[in-house]
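Undergrad: The following file, protein_6.cif, comprises mmCIF, C-alpha atoms:
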data_protein
#
loop_
_atom_site.label_atom_id
_atom_site.label_comp_id
_atom_site.auth_asym_id
_atom_site.auth_seq_id
_atom_site.Cartn_x
_atom_site.Cartn_y
_atom_site.Cartn_z
CA MET A 1 18.05 -63.13 -21.94
CA ARG A 2 20.76 -60.71 -20.90
CA LYS A 3 22.65 -61.54 -24.07
CA THR A 4 19.64 -60.70 -26.22
CA LEU A 5 19.15 -57.41 -24.44
CA THR A 6 22.79 -56.53 -24.95
CA LEU A 7 22.55 -57.26 -28.67
CA LEU A 8 19.43 -55.11 -28.96
CA VAL A 9 21.05 -52.20 -27.16
CA ALA A 10 24.19 -52.48 -29.29
CA SER A 11 22.31 -52.59 -32.58
CA THR A 12 20.12 -49.62 -31.52
CA ALA A 13 23.18 -47.62 -30.55
CA LEU A 14 24.89 -48.47 -33.83
CA THR A 15 21.82 -47.49 -35.84
CA ALA A 16 21.51 -44.21 -33.96
CA ALA A 17 25.21 -43.45 -34.40
CA ILE A 18 25.09 -43.92 -38.16
CA GLY A 19 21.51 -42.88 -38.90
CA VAL A 20 21.19 -39.60 -37.02
CA PRO A 21 24.06 -37.79 -38.81
CA ALA A 22 22.84 -39.12 -42.14
CA TRP A 23 19.30 -37.98 -41.41
CA SER A 24 20.57 -34.56 -40.39
CA ALA A 25 22.56 -34.22 -43.59
CA MET A 26 19.51 -35.05 -45.66
CA GLN A 27 17.46 -32.42 -43.86
CA ALA A 28 20.05 -29.67 -44.35
CA PRO A 29 18.70 -26.75 -46.40
CA ALA A 30 19.97 -26.37 -49.96
CA GLY A 31 22.94 -24.10 -50.27
CA ARG A 32 24.58 -25.22 -47.05
CA GLY A 33 26.61 -28.11 -48.33
CA LEU A 34 25.02 -31.41 -49.28
CA GLY A 35 22.22 -29.34 -50.86
CA PRO A 36 21.65 -31.57 -53.85
CA VAL A 37 21.48 -34.65 -51.64
CA ALA A 38 19.04 -33.07 -49.22
CA ALA A 39 16.97 -31.68 -52.05
CA LEU A 40 16.30 -35.15 -53.36
CA PHE A 41 14.30 -35.83 -50.24
CA GLU A 42 12.51 -32.53 -49.95
CA GLU A 43 8.80 -32.42 -50.53
CA ASP A 44 8.81 -29.43 -52.86
CA PRO A 45 10.34 -30.49 -56.18
CA GLN A 46 10.62 -26.87 -57.29
CA THR A 47 13.54 -26.37 -54.98
CA MET A 48 15.61 -29.11 -56.58
CA PRO A 49 18.77 -27.67 -58.05
CA LEU A 50 19.28 -27.76 -61.80
CA ILE A 51 22.65 -29.26 -62.56
CA LEU A 52 23.84 -28.85 -66.16
CA ALA A 53 25.61 -32.03 -67.12
CA SER A 54 26.45 -31.16 -70.73
CA ASP A 55 25.41 -28.91 -73.59
CA ASP A 56 25.48 -30.76 -76.87
CA ASP A 57 22.97 -28.47 -78.53
CA ASP A 58 23.94 -27.82 -82.13
CA ASP A 59 23.56 -24.11 -82.67
CA ARG A 60 25.19 -24.12 -86.08
CA GLY A 61 23.48 -21.40 -88.02
CA TRP A 62 23.96 -19.82 -91.38
CA ARG A 63 27.47 -18.44 -91.24
CA GLU A 64 27.69 -15.20 -93.09
CA GLY A 65 30.45 -15.05 -95.63
CA SER A 66 31.73 -18.58 -95.09
CA ARG A 67 31.76 -21.55 -97.38
CA ARG A 68 30.33 -24.92 -96.53
CA GLY A 69 32.64 -26.94 -94.37
CA ASP A 70 31.27 -29.75 -92.29
CA ASP A 71 28.05 -30.34 -94.14
CA ASP A 72 28.05 -33.77 -95.73
CA ASP A 73 24.37 -33.58 -96.52
CA ASP A 74 24.08 -33.58 -100.29
CA ASP A 75 20.42 -32.71 -100.25
CA ASP A 76 20.39 -29.67 -102.49
CA GLU A 77 16.68 -29.17 -102.43
CA GLU A 78 14.29 -27.81 -99.93
CA ASP A 79 14.76 -29.30 -96.49
CA GLU A 80 11.45 -28.54 -94.88
CA ASP A 81 10.94 -31.99 -93.48
CA ASP A 82 14.46 -32.78 -92.41
CA ASP A 83 14.76 -34.09 -88.91
CA ASP A 84 17.38 -31.50 -88.16
CA ASP A 85 18.50 -29.97 -84.92
CA ASP A 86 17.57 -26.42 -85.76
CA GLY A 87 15.55 -25.59 -82.70
CA CYS A 88 12.29 -25.55 -84.60
CA ASP A 89 9.27 -27.65 -83.83
CA ASP A 90 7.97 -28.34 -87.31
CA ASP A 91 4.65 -29.62 -86.04
CA GLU A 92 3.96 -26.59 -83.90
CA GLY A 93 5.60 -24.12 -86.24
CA VAL A 94 7.58 -22.56 -83.45
CA CYS A 95 11.33 -22.01 -83.33
CA ARG A 96 13.73 -21.47 -80.47
CA GLY A 97 13.16 -18.08 -78.92
CA GLY A 98 9.42 -18.18 -79.59
CA ALA A 99 9.60 -17.11 -83.24
CA ARG A 100 6.62 -18.51 -85.08
CA ASN A 101 6.89 -19.81 -88.61
CA PRO A 102 4.51 -18.29 -91.16
CA ALA A 103 1.41 -20.13 -92.34
CA PRO A 104 2.10 -21.99 -95.60
CA ALA A 105 0.35 -20.91 -98.78
CA GLY A 106 -3.11 -22.34 -99.13
CA THR A 107 -3.74 -22.67 -95.41
CA VAL A 108 -4.74 -19.04 -94.90
CA ALA A 109 -5.54 -16.15 -97.21
CA PRO A 110 -2.67 -13.93 -98.39
CA PRO A 111 -2.04 -10.87 -96.20
CA GLN A 112 -4.24 -7.85 -96.80
CA ASN A 113 -1.37 -5.58 -97.79
CA GLY A 114 -3.11 -4.03 -100.78
CA LEU A 115 -1.01 -6.00 -103.26
CA PHE A 116 -3.34 -8.96 -103.59
CA GLU A 117 -6.62 -8.14 -105.20
CA ASN A 118 -9.08 -10.81 -104.21
CA GLY A 119 -7.51 -12.97 -101.52
CA ALA A 120 -7.14 -15.94 -103.86
CA PRO A 121 -4.35 -18.32 -102.80
CA PRO A 122 -1.18 -18.21 -104.93
CA GLN A 123 -0.47 -20.99 -107.38
CA VAL A 124 3.07 -22.25 -106.99
CA GLN A 125 5.18 -24.72 -108.90
CA VAL A 126 8.84 -25.71 -108.64
CA ASN A 127 10.46 -27.34 -111.67
CA MET K 1 -38.32 -8.81 -118.22
CA LYS K 2 -37.34 -5.23 -117.64
CA SER K 3 -36.33 -5.98 -114.06
CA LEU K 4 -34.22 -8.93 -115.24
CA LEU K 5 -32.35 -6.74 -117.69
CA GLY K 6 -31.85 -4.16 -114.98
CA THR K 7 -30.41 -6.77 -112.63
CA LEU K 8 -28.07 -8.07 -115.35
CA ALA K 9 -26.85 -4.59 -116.14
CA LEU K 10 -26.24 -3.89 -112.47
CA THR K 11 -24.28 -7.10 -111.83
CA THR K 12 -22.22 -6.54 -114.99
CA ALA K 13 -21.46 -3.00 -113.95
CA LEU K 14 -20.31 -4.22 -110.54
CA THR K 15 -18.21 -7.11 -111.89
CA ILE K 16 -16.26 -5.43 -114.68
CA PRO K 17 -14.39 -2.91 -112.49
CA GLY K 18 -13.35 -5.74 -110.18
CA LEU K 19 -11.91 -7.73 -113.07
CA ALA K 20 -10.14 -4.69 -114.41
CA MET K 21 -8.47 -4.02 -111.04
CA ALA K 22 -6.74 -7.42 -110.77
CA ARG K 23 -4.05 -8.97 -112.93
CA SER K 24 -2.93 -12.55 -112.87
CA VAL K 25 0.85 -12.28 -112.74
CA THR K 26 3.34 -15.14 -112.90
CA LEU K 27 6.70 -14.59 -111.23
CA THR K 28 9.33 -16.99 -112.55
CA THR K 29 12.66 -17.29 -110.74
CA THR K 30 15.39 -19.65 -111.96
CA LEU K 31 18.38 -20.33 -109.74
CA ASN K 32 21.99 -20.95 -110.69
CA ASN K 33 23.70 -24.23 -109.91
CA TYR K 34 25.54 -22.62 -107.03
CA GLY K 35 26.25 -25.95 -105.31
CA GLY K 36 24.51 -25.35 -102.01
CA ASP K 37 21.36 -26.20 -100.12
CA GLY K 38 17.94 -24.79 -100.96
CA ALA K 39 17.78 -21.01 -101.23
CA TYR K 40 15.49 -18.83 -99.15
CA LEU K 41 13.95 -16.10 -101.31
CA ALA K 42 11.89 -13.10 -100.25
CA LEU K 43 9.93 -11.39 -103.03
CA TYR K 44 8.59 -8.02 -101.95
CA VAL K 45 7.61 -4.63 -103.29
CA THR K 46 8.68 -1.09 -102.48
CA ASP K 47 6.78 2.02 -103.53
CA ALA K 48 8.04 5.00 -105.48
CA SER K 49 9.71 6.44 -102.38
CA GLY K 50 11.54 3.18 -101.68
CA ALA K 51 9.37 2.31 -98.69
CA TYR K 52 8.38 -1.30 -98.13
CA ALA K 53 4.87 -1.88 -99.52
CA GLY K 54 4.38 -5.60 -98.89
CA SER K 55 5.55 -9.11 -99.62
CA LEU K 56 4.53 -11.24 -102.58
CA TRP K 57 6.17 -14.57 -101.76
CA MET K 58 8.51 -16.20 -99.26
CA ALA K 59 10.42 -19.33 -100.31
CA GLY K 60 11.52 -21.02 -97.10
CA GLY K 61 9.36 -21.80 -94.10
CA LYS K 62 11.63 -21.44 -91.08
CA SER K 63 11.54 -17.98 -89.63
CA LYS K 64 14.83 -18.40 -87.81
CA TYR K 65 16.62 -17.94 -91.13
CA TYR K 66 14.75 -14.83 -92.21
CA GLU K 67 17.35 -12.50 -90.74
CA HIS K 68 19.59 -13.57 -93.64
CA LEU K 69 17.11 -12.03 -96.07
CA ARG K 70 18.58 -8.82 -94.87
CA ASP K 71 16.71 -6.05 -96.67
CA TRP K 72 13.37 -7.78 -96.24
CA TYR K 73 14.15 -8.38 -92.58
CA ARG K 74 15.17 -4.77 -92.06
CA ALA K 75 11.93 -3.57 -93.64
CA THR K 76 9.64 -5.93 -91.77
CA GLY K 77 11.47 -6.68 -88.54
CA GLY K 78 11.06 -10.33 -89.47
CA ASP K 79 7.29 -10.14 -88.96
CA THR K 80 6.00 -13.49 -90.18
CA ALA K 81 2.48 -12.08 -90.51
CA GLN K 82 3.80 -10.36 -93.64
CA VAL K 83 4.16 -13.75 -95.35
CA ASN K 84 1.30 -15.75 -93.86
CA GLY K 85 -0.42 -17.59 -96.70
CA ILE K 86 2.29 -16.72 -99.22
CA THR K 87 5.07 -18.99 -97.98
CA GLY K 88 6.38 -22.14 -99.61
CA ALA K 89 9.44 -24.35 -99.60
CA SER K 90 12.95 -23.15 -100.26
CA VAL K 91 14.18 -23.59 -103.83
CA GLY K 92 17.00 -25.94 -104.78
CA ALA K 93 19.97 -24.95 -106.89
CA GLY K 94 19.17 -25.06 -110.59
CA ARG K 95 15.42 -25.18 -109.93
CA THR K 96 12.74 -22.81 -111.21
CA LEU K 97 10.08 -21.32 -108.95
CA GLU K 98 6.84 -20.20 -110.60
CA VAL K 99 4.33 -18.30 -108.51
CA THR K 100 1.07 -17.02 -109.96
CA LEU K 101 -0.73 -14.29 -108.04
CA ASP K 102 -3.73 -12.03 -108.54
CA LEU K 103 -2.12 -8.66 -108.06
CA ALA K 104 -3.69 -5.23 -107.87
CA ASP K 105 -3.60 -3.39 -111.16
CA ALA K 106 -2.44 -0.27 -109.33
CA LEU K 107 0.97 -1.87 -108.77
CA PHE K 108 1.98 -1.46 -112.39
CA ASP K 109 3.35 1.68 -113.97
CA ALA K 110 3.06 3.46 -110.64
CA GLY K 111 6.68 3.50 -109.46
CA TYR K 112 6.64 0.19 -107.58
CA THR K 113 9.74 -2.02 -107.63
CA LEU K 114 9.86 -5.75 -107.05
CA HIS K 115 12.88 -6.92 -105.03
CA ILE K 116 14.24 -10.39 -104.28
CA ASP K 117 16.53 -11.11 -101.33
CA ALA K 118 18.27 -14.48 -101.35
CA ALA K 119 20.16 -16.53 -98.75
CA VAL K 120 21.67 -20.00 -98.70
CA GLU K 121 22.95 -21.93 -95.74
CA ASP K 122 26.70 -21.51 -95.27
CA LEU K 123 26.94 -19.24 -98.31
CA ARG K 124 26.85 -15.49 -98.59
CA ASP K 125 23.63 -13.59 -98.06
CA SER K 126 22.46 -11.73 -101.12
CA PRO K 127 20.07 -8.87 -100.32
CA ASN K 128 18.47 -7.10 -103.26
CA GLU K 129 19.57 -9.86 -105.59
CA VAL K 130 17.00 -8.58 -108.08
CA ALA K 131 15.31 -5.18 -108.27
CA VAL K 132 12.97 -4.67 -111.20
CA PRO K 133 10.41 -1.90 -111.78
CA LEU K 134 6.85 -3.18 -112.18
CA THR K 135 5.70 -1.88 -115.55
CA ALA K 136 3.50 -3.27 -118.28
CA GLU K 137 6.37 -2.77 -120.69
CA GLY K 138 8.82 -4.71 -118.54
CA ALA K 139 6.64 -7.80 -118.41
CA GLY K 140 8.22 -10.77 -120.15
CA THR K 141 11.73 -9.31 -120.01
CA PRO K 142 14.15 -11.54 -118.07
CA VAL K 143 16.63 -9.95 -115.69
CA GLN K 144 19.67 -11.58 -114.11
CA GLY K 145 20.37 -11.71 -110.39
CA ARG K 146 23.68 -10.89 -108.72
CA ARG K 147 24.60 -14.22 -107.14
CA TYR K 148 22.07 -17.05 -106.95
CA ILE K 149 19.38 -16.09 -109.46
CA ALA K 150 20.09 -16.92 -113.08
CA SER K 151 16.97 -15.14 -114.30
CA PHE K 152 13.77 -13.55 -113.10
CA VAL K 153 10.79 -12.59 -115.22
CA TYR K 154 7.20 -11.56 -114.57
CA ASP K 155 4.45 -12.24 -117.07
CA MET K 156 0.91 -10.85 -117.22
#
As a first step, turn the structure in this file into C-alpha coordinates.

TA:
Amino acid sequence: MRKTLTLLVASTALTAAIGVPAWSAMQAPAGRGLGPVAALFEEDPQTMPLILASDDDDDRGWREGSRRGDDDDDDDEEDEDDDDDDGCDDDEGVCRGGARNPAPAGTVAPPQNGLFENGAPPQVQVN
Amino acid sequence: MKSLLGTLALTTALTIPGLAMARSVTLTTTLNNYGGDGAYLALYVTDASGAYAGSLWMAGGKSKYYEHLRDWYRATGGDTAQVNGITGASVGAGRTLEVTLDLADALFDAGYTLHIDAAVEDLRDSPNEVAVPLTAEGAGTPVQGRRYIASFVYDM
(Lines of atoms letter the chains of each structure in order from A and count residues from 1; the text may use other names and numbers.)
(Lines give C-alpha, C1' and ligand atoms only; values in the text may rest on other atoms or scores of the structure.)
Protein backbone atom coordinates (compact mmCIF):
# COMPACT_ATOMS: atom_id res chain seq x y z
CA MET A 1 0.00 0.00 0.00
CA ARG A 2 2.78 2.37 0.95
CA LYS A 3 4.63 1.39 -2.20
CA THR A 4 1.64 2.25 -4.36
CA LEU A 5 1.25 5.61 -2.68
CA THR A 6 4.90 6.37 -3.23
CA LEU A 7 4.63 5.54 -6.92
CA LEU A 8 1.56 7.76 -7.27
CA VAL A 9 3.27 10.68 -5.56
CA ALA A 10 6.39 10.24 -7.69
CA SER A 11 4.49 10.09 -10.97
CA THR A 12 2.39 13.14 -9.99
CA ALA A 13 5.51 15.10 -9.10
CA LEU A 14 7.18 14.10 -12.36
CA THR A 15 4.13 15.10 -14.39
CA ALA A 16 3.92 18.44 -12.61
CA ALA A 17 7.64 19.09 -13.08
CA ILE A 18 7.48 18.51 -16.82
CA GLY A 19 3.93 19.62 -17.59
CA VAL A 20 3.71 22.96 -15.80
CA PRO A 21 6.62 24.63 -17.65
CA ALA A 22 5.35 23.24 -20.94
CA TRP A 23 1.84 24.50 -20.24
CA SER A 24 3.21 27.91 -19.32
CA ALA A 25 5.20 28.10 -22.54
CA MET A 26 2.11 27.30 -24.57
CA GLN A 27 0.14 30.03 -22.85
CA ALA A 28 2.81 32.70 -23.43
CA PRO A 29 1.52 35.59 -25.56
CA ALA A 30 2.79 35.83 -29.14
CA GLY A 31 5.82 38.00 -29.52
CA ARG A 32 7.45 36.93 -26.28
CA GLY A 33 9.39 33.95 -27.48
CA LEU A 34 7.70 30.67 -28.32
CA GLY A 35 4.95 32.76 -29.95
CA PRO A 36 4.30 30.47 -32.87
CA VAL A 37 4.06 27.45 -30.57
CA ALA A 38 1.68 29.17 -28.19
CA ALA A 39 -0.36 30.53 -31.05
CA LEU A 40 -1.13 27.05 -32.25
CA PHE A 41 -3.14 26.52 -29.10
CA GLU A 42 -4.83 29.87 -28.90
CA GLU A 43 -8.54 30.07 -29.47
CA ASP A 44 -8.46 32.99 -31.89
CA PRO A 45 -6.98 31.78 -35.19
CA GLN A 46 -6.61 35.36 -36.41
CA THR A 47 -3.66 35.85 -34.13
CA MET A 48 -1.67 33.01 -35.66
CA PRO A 49 1.52 34.31 -37.17
CA LEU A 50 2.01 34.10 -40.93
CA ILE A 51 5.33 32.48 -41.65
CA LEU A 52 6.51 32.75 -45.27
CA ALA A 53 8.19 29.50 -46.14
CA SER A 54 9.03 30.23 -49.78
CA ASP A 55 8.05 32.42 -52.70
CA ASP A 56 8.05 30.47 -55.92
CA ASP A 57 5.60 32.78 -57.64
CA ASP A 58 6.57 33.29 -61.26
CA ASP A 59 6.29 36.99 -61.91
CA ARG A 60 7.90 36.83 -65.33
CA GLY A 61 6.25 39.53 -67.34
CA TRP A 62 6.76 41.01 -70.75
CA ARG A 63 10.31 42.29 -70.66
CA GLU A 64 10.61 45.46 -72.61
CA GLY A 65 13.36 45.46 -75.16
CA SER A 66 14.54 41.91 -74.53
CA ARG A 67 14.48 38.88 -76.73
CA ARG A 68 12.96 35.57 -75.76
CA GLY A 69 15.23 33.56 -73.56
CA ASP A 70 13.79 30.85 -71.38
CA ASP A 71 10.55 30.30 -73.20
CA ASP A 72 10.44 26.82 -74.69
CA ASP A 73 6.77 27.09 -75.48
CA ASP A 74 6.46 26.98 -79.24
CA ASP A 75 2.83 27.95 -79.21
CA ASP A 76 2.87 30.92 -81.54
CA GLU A 77 -0.83 31.52 -81.48
CA GLU A 78 -3.16 33.03 -79.01
CA ASP A 79 -2.72 31.63 -75.54
CA GLU A 80 -6.00 32.53 -73.93
CA ASP A 81 -6.60 29.14 -72.42
CA ASP A 82 -3.10 28.28 -71.35
CA ASP A 83 -2.81 27.07 -67.81
CA ASP A 84 -0.12 29.61 -67.15
CA ASP A 85 1.05 31.20 -63.96
CA ASP A 86 0.22 34.75 -64.91
CA GLY A 87 -1.76 35.73 -61.86
CA CYS A 88 -5.03 35.81 -63.75
CA ASP A 89 -8.10 33.81 -62.91
CA ASP A 90 -9.44 33.05 -66.36
CA ASP A 91 -12.78 31.91 -65.04
CA GLU A 92 -13.38 35.01 -62.99
CA GLY A 93 -11.69 37.37 -65.41
CA VAL A 94 -9.65 38.96 -62.67
CA CYS A 95 -5.89 39.41 -62.59
CA ARG A 96 -3.46 39.96 -59.76
CA GLY A 97 -3.93 43.41 -58.30
CA GLY A 98 -7.67 43.40 -58.95
CA ALA A 99 -7.49 44.35 -62.64
CA ARG A 100 -10.51 42.98 -64.43
CA ASN A 101 -10.30 41.56 -67.92
CA PRO A 102 -12.64 43.07 -70.50
CA ALA A 103 -15.80 41.29 -71.61
CA PRO A 104 -15.17 39.31 -74.82
CA ALA A 105 -16.90 40.33 -78.02
CA GLY A 106 -20.41 39.00 -78.31
CA THR A 107 -21.03 38.80 -74.58
CA VAL A 108 -21.92 42.46 -74.18
CA ALA A 109 -22.66 45.31 -76.57
CA PRO A 110 -19.74 47.41 -77.83
CA PRO A 111 -19.01 50.51 -75.74
CA GLN A 112 -21.13 53.57 -76.42
CA ASN A 113 -18.21 55.73 -77.49
CA GLY A 114 -19.91 57.23 -80.52
CA LEU A 115 -17.88 55.14 -82.94
CA PHE A 116 -20.29 52.23 -83.18
CA GLU A 117 -23.56 53.09 -84.80
CA ASN A 118 -26.08 50.52 -83.72
CA GLY A 119 -24.56 48.40 -80.97
CA ALA A 120 -24.28 45.35 -83.22
CA PRO A 121 -21.56 42.93 -82.10
CA PRO A 122 -18.39 42.89 -84.24
CA GLN A 123 -17.77 40.02 -86.61
CA VAL A 124 -14.26 38.67 -86.19
CA GLN A 125 -12.23 36.09 -88.04
CA VAL A 126 -8.60 35.01 -87.76
CA ASN A 127 -7.04 33.24 -90.74
CA MET B 1 -55.33 52.90 -97.67
CA LYS B 2 -54.25 56.47 -97.20
CA SER B 3 -53.24 55.80 -93.60
CA LEU B 4 -51.22 52.76 -94.70
CA LEU B 5 -49.30 54.82 -97.23
CA GLY B 6 -48.72 57.47 -94.59
CA THR B 7 -47.34 54.89 -92.18
CA LEU B 8 -45.05 53.44 -94.86
CA ALA B 9 -43.73 56.86 -95.76
CA LEU B 10 -43.09 57.66 -92.12
CA THR B 11 -41.21 54.41 -91.39
CA THR B 12 -39.15 54.83 -94.57
CA ALA B 13 -38.29 58.37 -93.65
CA LEU B 14 -37.16 57.22 -90.21
CA THR B 15 -35.15 54.24 -91.47
CA ILE B 16 -33.16 55.78 -94.31
CA PRO B 17 -31.21 58.31 -92.21
CA GLY B 18 -30.24 55.52 -89.82
CA LEU B 19 -28.87 53.41 -92.66
CA ALA B 20 -27.02 56.35 -94.10
CA MET B 21 -25.32 57.08 -90.75
CA ALA B 22 -23.68 53.65 -90.38
CA ARG B 23 -21.04 51.95 -92.51
CA SER B 24 -20.03 48.35 -92.35
CA VAL B 25 -16.23 48.53 -92.24
CA THR B 26 -13.83 45.59 -92.32
CA LEU B 27 -10.45 46.10 -90.69
CA THR B 28 -7.89 43.59 -91.94
CA THR B 29 -4.56 43.25 -90.14
CA THR B 30 -1.90 40.78 -91.29
CA LEU B 31 1.08 40.09 -89.06
CA ASN B 32 4.66 39.34 -90.01
CA ASN B 33 6.29 36.04 -89.14
CA TYR B 34 8.19 37.68 -86.31
CA GLY B 35 8.82 34.39 -84.50
CA GLY B 36 7.11 35.13 -81.21
CA ASP B 37 3.95 34.44 -79.29
CA GLY B 38 0.56 35.91 -80.15
CA ALA B 39 0.50 39.69 -80.53
CA TYR B 40 -1.72 41.99 -78.52
CA LEU B 41 -3.19 44.69 -80.75
CA ALA B 42 -5.17 47.78 -79.77
CA LEU B 43 -7.09 49.46 -82.60
CA TYR B 44 -8.33 52.89 -81.61
CA VAL B 45 -9.23 56.26 -83.05
CA THR B 46 -8.06 59.80 -82.35
CA ASP B 47 -9.87 62.93 -83.49
CA ALA B 48 -8.54 65.81 -85.54
CA SER B 49 -6.82 67.29 -82.49
CA GLY B 50 -5.08 64.02 -81.69
CA ALA B 51 -7.26 63.30 -78.67
CA TYR B 52 -8.34 59.73 -78.00
CA ALA B 53 -11.87 59.21 -79.36
CA GLY B 54 -12.46 55.52 -78.61
CA SER B 55 -11.39 51.96 -79.24
CA LEU B 56 -12.48 49.77 -82.13
CA TRP B 57 -10.93 46.42 -81.22
CA MET B 58 -8.62 44.81 -78.68
CA ALA B 59 -6.81 41.59 -79.64
CA GLY B 60 -5.74 39.97 -76.38
CA GLY B 61 -7.90 39.34 -73.36
CA LYS B 62 -5.61 39.73 -70.35
CA SER B 63 -5.60 43.23 -69.01
CA LYS B 64 -2.31 42.78 -67.18
CA TYR B 65 -0.52 43.08 -70.53
CA TYR B 66 -2.32 46.21 -71.69
CA GLU B 67 0.36 48.51 -70.31
CA HIS B 68 2.55 47.30 -73.18
CA LEU B 69 0.10 48.83 -75.65
CA ARG B 70 1.66 52.04 -74.55
CA ASP B 71 -0.13 54.80 -76.43
CA TRP B 72 -3.52 53.18 -75.94
CA TYR B 73 -2.74 52.67 -72.26
CA ARG B 74 -1.62 56.26 -71.85
CA ALA B 75 -4.83 57.50 -73.46
CA THR B 76 -7.18 55.26 -71.51
CA GLY B 77 -5.35 54.56 -68.26
CA GLY B 78 -5.87 50.89 -69.08
CA ASP B 79 -9.63 51.21 -68.56
CA THR B 80 -11.01 47.85 -69.68
CA ALA B 81 -14.49 49.35 -70.04
CA GLN B 82 -13.14 50.94 -73.22
CA VAL B 83 -12.89 47.50 -74.82
CA ASN B 84 -15.79 45.62 -73.27
CA GLY B 85 -17.58 43.74 -76.04
CA ILE B 86 -14.85 44.45 -78.59
CA THR B 87 -12.14 42.15 -77.30
CA GLY B 88 -10.92 38.91 -78.84
CA ALA B 89 -7.91 36.62 -78.77
CA SER B 90 -4.38 37.71 -79.48
CA VAL B 91 -3.18 37.13 -83.04
CA GLY B 92 -0.43 34.67 -83.93
CA ALA B 93 2.56 35.51 -86.09
CA GLY B 94 1.73 35.31 -89.77
CA ARG B 95 -2.01 35.32 -89.09
CA THR B 96 -4.63 37.72 -90.43
CA LEU B 97 -7.24 39.35 -88.22
CA GLU B 98 -10.45 40.51 -89.88
CA VAL B 99 -12.91 42.54 -87.84
CA THR B 100 -16.14 43.86 -89.32
CA LEU B 101 -17.85 46.70 -87.48
CA ASP B 102 -20.79 49.03 -88.03
CA LEU B 103 -19.08 52.37 -87.66
CA ALA B 104 -20.56 55.84 -87.56
CA ASP B 105 -20.44 57.58 -90.91
CA ALA B 106 -19.18 60.72 -89.18
CA LEU B 107 -15.81 59.04 -88.58
CA PHE B 108 -14.81 59.31 -92.22
CA ASP B 109 -13.36 62.36 -93.90
CA ALA B 110 -13.59 64.25 -90.63
CA GLY B 111 -9.96 64.22 -89.46
CA TYR B 112 -10.09 60.98 -87.48
CA THR B 113 -7.05 58.68 -87.48
CA LEU B 114 -7.02 54.97 -86.78
CA HIS B 115 -4.03 53.78 -84.74
CA ILE B 116 -2.76 50.30 -83.89
CA ASP B 117 -0.48 49.61 -80.93
CA ALA B 118 1.17 46.19 -80.86
CA ALA B 119 3.01 44.17 -78.21
CA VAL B 120 4.43 40.66 -78.06
CA GLU B 121 5.67 38.79 -75.04
CA ASP B 122 9.43 39.12 -74.60
CA LEU B 123 9.72 41.29 -77.70
CA ARG B 124 9.73 45.03 -78.10
CA ASP B 125 6.56 47.03 -77.61
CA SER B 126 5.44 48.83 -80.72
CA PRO B 127 3.13 51.78 -80.01
CA ASN B 128 1.56 53.50 -82.99
CA GLU B 129 2.58 50.64 -85.24
CA VAL B 130 0.03 51.91 -87.76
CA ALA B 131 -1.57 55.35 -88.05
CA VAL B 132 -3.91 55.84 -90.98
CA PRO B 133 -6.39 58.66 -91.63
CA LEU B 134 -9.99 57.47 -91.98
CA THR B 135 -11.12 58.70 -95.38
CA ALA B 136 -13.37 57.28 -98.06
CA GLU B 137 -10.50 57.63 -100.50
CA GLY B 138 -8.09 55.69 -98.29
CA ALA B 139 -10.36 52.66 -98.07
CA GLY B 140 -8.87 49.60 -99.72
CA THR B 141 -5.32 50.97 -99.64
CA PRO B 142 -2.95 48.74 -97.64
CA VAL B 143 -0.41 50.33 -95.32
CA GLN B 144 2.59 48.67 -93.70
CA GLY B 145 3.30 48.63 -89.99
CA ARG B 146 6.64 49.40 -88.36
CA ARG B 147 7.48 46.10 -86.68
CA TYR B 148 4.88 43.35 -86.39
CA ILE B 149 2.20 44.31 -88.92
CA ALA B 150 2.87 43.35 -92.51
CA SER B 151 -0.21 45.17 -93.78
CA PHE B 152 -3.36 46.89 -92.61
CA VAL B 153 -6.32 47.86 -94.74
CA TYR B 154 -9.88 49.01 -94.11
CA ASP B 155 -12.66 48.33 -96.58
CA MET B 156 -16.16 49.81 -96.76

Undergrad: I'd like the residues picked by the PyMOL selection byres ((chain K and resi 44) around 8) written out as a list in words, using the chain letters and numbers from the file.

TA: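 Selected by the PyMOL selection byres ((chain K and resi 44) around 8) in this file: Ala42, Leu43, Val45, Thr46, Tyr52, Ala53, Gly54, Ser55, Leu56, Trp57, Trp72, Leu114, His115 and Ile116 of chain K.
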
Undergrad: Which one of K:Gly85, K:Gly77, K:Gly36, K:Gly60 sits closest to Pro110 (chain A) if you count only C-alpha atoms?

TA: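 Of K:Gly85, K:Gly77, K:Gly36, K:Gly60, the one nearest Pro110 (chain A) is K:Gly85, counting only C-alpha atoms.
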
Undergrad: When you count all atoms listed in the file, which of these residues is closest to Gly38 (chain K): K:Ala93, K:Gln144, K:Met156, K:Val130?

TA: K:Ala93

Undergrad: Taking the file as shown, what set of residues would the PyMOL selection byres ((chain K) within 9 of (chain A)) give back, as a VMD selection string?

TA: chain K and resid 18 21 to 23 26 35 to 39 45 53 to 57 60 to 65 68 79 to 93 95 to 107 119 to 125

Undergrad: Using CA of Asp47 (chain K) and CA of Tyr112 (chain K) as the two end points, give the distance in Å to one decimal.

TA: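 Result for CA of Asp47 (chain K) versus CA of Tyr112 (chain K): 4.4 Å, one decimal.
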
Undergrad: Where does the PyMOL selection byres ((chain K and resi 117) around 6) land in this file, that is, which residues does it pick, as number ranges by chain?

TA: K: 41-42, 69, 116, 118, 126-129

Undergrad: Within 12 Å of (7.9, -3.3, -117.3) in the file's own coordinates, which protein, DNA or RNA residues have an atom, counting all atoms listed in the file? List them as a ChimeraX atom specification.

TA: /K:107-114,131-143,153-156

Undergrad: Quick check, in Å to one decimal: how far apart do CA of Gly94 (chain K) and CA of Asn32 (chain K) lie?

TA: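 Rounded to one decimal, the two atoms are 5.0 Å apart.
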
Undergrad: Please, what distance in Å, to one decimal, runs between CA of Gly50 (chain K) and CA of Thr28 (chain K)?

TA: 23.0 Å
